[in-house]
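Student: Handing you this structure, nothing more for now.
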Amino acid sequence: MTTTKRGRPRGFDRDTALAQATSLFWQHGFEGTSIADLTSAMGISPPSLYAAFGDKRTLFHEVVERYGGTFGAFMDKALTEESDPRRGFARMLDEAALAYTDPSHPTGCLVITAATNYSQQNADVERDLSERRRANVRSFETRLEDARSRGSLGQDTDTRALAVYFAAVVQGMSQQARDGATAQELRRVAELAMTVWPPSDAS
């Protein structure tokens, strides 16, 4: 008689289980999601979870990486695909309004909403998410500096302040989506946010 490996049920689909974990962490955060919550939603036993994903921290790290390459990819895509920097940032904010209110998944941004209410023992998780958000600010600043060097922004533009501003708008939109703001409301916010775009020296 043949036996199957204990702890790993037949038909286990790693990608499907990872998607379920993403939804839980997105909705409840790292600390608000227990191993019991994860195994129930993923349809696997604790030994299977540890065997396939490692511990909770390792699983969360994989979830965040997956999020960045799927649900959160619109930000970099918008800024990269648009040749005009103003259109790129406008598109990013508009798509954030749609993504953060999409009813097919939890509202807001996982990297923002999963970073609250951490105990000291999980400070490393909070630091990792904070660093990811700071990396976004640095990316914004780099793109804005490039726009300034090419004459799309005035030479006296404070690119650091503008980068922090766009990050603050994105984070605020995420929280507003969590609080029930509609896509239409957030798209209007995106439009208003772009009114601060500084003119170029040629304007």
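How things are named: the first chain in the structure tokens is A, the next is B, and so on; residues count from 1 in each chain; ligands count from 1 in the order shown.
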So that I can see what lies close to Ser200 in chain A, please list as a list in words the residues with an atom at most 12 Å from it, counting only C-alpha atoms and leaving out residues fewer than 2 positions away in the same chain.
Tutor: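 So the residues in contact are Pro85, Arg86, Leu144, Ala147, Arg148, Ser149, Arg150, Gly151, Ser152, Leu153, Gly154, Gln155, Asp156, Thr157, Trp197, Pro198, Ala202 and Ser203 of chain A.
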Student: For Thr142 in chain A, find every residue with an atom within 9 Å (counting only C-alpha atoms), except residues of its own chain fewer than 5 positions away, and show them as a list in words.
Tutor: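 Counting only the stated atoms, we get Val137, Ala147, Thr159, Arg160 and Ala163 of chain A.
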Student: Could you list, as a compact mmCIF listing (two decimals) with N, CA and C atoms, in the first residue's frame, every residue within 12 Å of Leu110 in chain A, counting only C-alpha atoms and ignoring same-chain residues fewer than 4 positions away?
Tutor:
# COMPACT_ATOMS: atom_id res chain seq x y z
N ALA A 21 -3.53 33.62 1.29
CA ALA A 21 -2.73 34.26 2.33
C ALA A 21 -2.61 35.76 2.07
N THR A 22 -2.44 36.12 0.80
CA THR A 22 -2.35 37.53 0.43
C THR A 22 -3.61 38.28 0.85
N SER A 23 -4.75 37.70 0.57
CA SER A 23 -6.02 38.33 0.92
C SER A 23 -6.14 38.54 2.43
N LEU A 24 -5.74 37.54 3.21
CA LEU A 24 -5.83 37.65 4.67
C LEU A 24 -4.91 38.74 5.22
N PHE A 25 -3.65 38.70 4.81
CA PHE A 25 -2.70 39.71 5.30
C PHE A 25 -3.12 41.11 4.85
N TRP A 26 -3.65 41.22 3.66
CA TRP A 26 -4.10 42.49 3.13
C TRP A 26 -5.24 43.06 3.96
N GLN A 27 -6.14 42.19 4.34
CA GLN A 27 -7.32 42.63 5.07
C GLN A 27 -7.05 42.86 6.56
N HIS A 28 -6.25 41.98 7.16
CA HIS A 28 -6.09 42.01 8.62
C HIS A 28 -4.70 42.42 9.10
N GLY A 29 -3.74 42.53 8.22
CA GLY A 29 -2.38 42.87 8.62
C GLY A 29 -1.61 41.66 9.12
N PHE A 30 -0.33 41.86 9.40
CA PHE A 30 0.52 40.75 9.84
C PHE A 30 0.10 40.23 11.20
N PHE A 60 4.78 35.92 4.90
CA PHE A 60 4.39 37.31 4.71
C PHE A 60 5.32 38.01 3.73
N HIS A 61 6.62 37.75 3.85
CA HIS A 61 7.58 38.35 2.93
C HIS A 61 7.27 37.93 1.49
N VAL A 63 4.37 37.03 0.34
CA VAL A 63 3.11 37.69 -0.01
C VAL A 63 3.38 39.13 -0.47
N VAL A 64 4.22 39.85 0.27
CA VAL A 64 4.52 41.24 -0.08
C VAL A 64 5.24 41.31 -1.42
N GLU A 65 6.17 40.39 -1.67
CA GLU A 65 6.86 40.35 -2.95
C GLU A 65 5.87 40.08 -4.08
N ARG A 66 4.97 39.14 -3.85
CA ARG A 66 3.95 38.81 -4.85
C ARG A 66 3.05 40.01 -5.11
N TYR A 67 2.66 40.70 -4.06
CA TYR A 67 1.81 41.87 -4.20
C TYR A 67 2.49 42.94 -5.07
N GLY A 68 3.77 43.15 -4.82
CA GLY A 68 4.50 44.16 -5.58
C GLY A 68 4.56 43.86 -7.07
N THR A 70 2.21 42.11 -8.69
CA THR A 70 0.87 41.91 -9.25
C THR A 70 -0.01 43.13 -8.98
N PHE A 71 -0.68 43.14 -7.84
CA PHE A 71 -1.61 44.22 -7.52
C PHE A 71 -0.93 45.59 -7.43
N GLY A 72 0.29 45.61 -6.93
CA GLY A 72 0.97 46.89 -6.75
C GLY A 72 1.84 47.32 -7.92
N ALA A 99 -7.53 50.85 -8.26
CA ALA A 99 -7.00 49.64 -7.63
C ALA A 99 -7.39 49.54 -6.16
N TYR A 100 -7.35 50.66 -5.45
CA TYR A 100 -7.60 50.63 -4.01
C TYR A 100 -9.08 50.42 -3.67
N HIS A 105 -10.88 42.47 -4.35
CA HIS A 105 -9.88 42.20 -3.32
C HIS A 105 -10.03 43.22 -2.20
N PRO A 106 -9.34 43.04 -1.06
CA PRO A 106 -9.44 44.02 0.02
C PRO A 106 -9.06 45.42 -0.44
N ALA A 114 -1.06 46.87 5.97
CA ALA A 114 -0.57 45.76 6.77
C ALA A 114 0.50 46.20 7.77
N ALA A 115 0.74 47.49 7.85
CA ALA A 115 1.87 47.98 8.65
C ALA A 115 1.47 48.65 9.94
N THR A 116 0.27 48.37 10.44
CA THR A 116 -0.18 49.04 11.66
C THR A 116 -0.24 48.09 12.85
N LEU A 129 8.38 46.92 5.82
CA LEU A 129 7.34 47.62 5.08
C LEU A 129 7.64 49.11 4.99
N ARG A 132 10.12 49.67 2.30
CA ARG A 132 9.50 49.57 0.97
C ARG A 132 8.79 50.88 0.61
N ARG A 133 8.15 51.49 1.57
CA ARG A 133 7.49 52.77 1.31
C ARG A 133 8.51 53.87 1.06
N GLN A 171 -0.70 57.23 -0.02
CA GLN A 171 -1.01 56.61 1.26
C GLN A 171 -2.36 57.09 1.79
N SER A 174 -5.12 55.31 -0.03
CA SER A 174 -5.27 53.95 0.48
C SER A 174 -6.14 53.93 1.73
N GLN A 175 -5.87 54.84 2.66
CA GLN A 175 -6.64 54.88 3.90
C GLN A 175 -8.08 55.29 3.63
N ALA A 177 -9.77 54.72 0.96
CA ALA A 177 -10.44 53.54 0.38
C ALA A 177 -10.85 52.58 1.48
N ARG A 178 -9.99 52.39 2.48
CA ARG A 178 -10.31 51.52 3.60
C ARG A 178 -11.51 52.07 4.38
Student: Which is closest to Ser130 in chain A among A:Asp37, A:Thr58, A:Phe89, A:Ile112, if we use only C-alpha atoms?
Tutor: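 So, comparing all the options, the nearest one is A:Ile112.
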Student: Mind pulling up the distance from CA of Lys77 in chain A to CA of Ala183 in chain A?
Tutor: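 Result for CA of Ala183 in chain A versus CA of Lys77 in chain A: 19.8 Å, one decimal.
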Student: Enumerate, as an NGL selection string, the complete set of residues in chain A that a backbone-based DSSP assignment places in alpha helix (DSSP H).
Tutor: :A and (14-28 or 35-42 or 46-53 or 56-69 or 74-81 or 85-100 or 110-113 or 123-149 or 159-178 or 183-193)
Student: Nearest residue to Ala90 in chain A out of A:Ala52, A:Gly108, A:Met75, A:Thr33, using only C-alpha atoms?
Tutor: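 For Ala90 in chain A, the nearest of the candidates is A:Met75.
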Student: Find, counting only C-alpha atoms, the residue in A:Asp55, A:Glu62, A:Glu31, A:Glu131 that gets nearest to Asp15 in chain A.
Tutor: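 When distances to Asp15 in chain A are compared using only C-alpha atoms, the smallest one comes from A:Glu62.
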Student: List the spatial neighbours of Val169 in chain A as JSON, numbers by chain - criterion: any atom at most 9 Å away, only C-alpha atoms, same-chain residues fewer than 6 positions off excluded.
Tutor: {"A": [93, 189, 190, 193]}
Student: Quick one: of A:Pro47, A:Asp76, A:Gln20, A:Gln121, who's nearest to Asn136 in chain A, counting only C-alpha atoms?
Tutor: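 Result for the nearest residue to Asn136 in chain A: A:Asp76.
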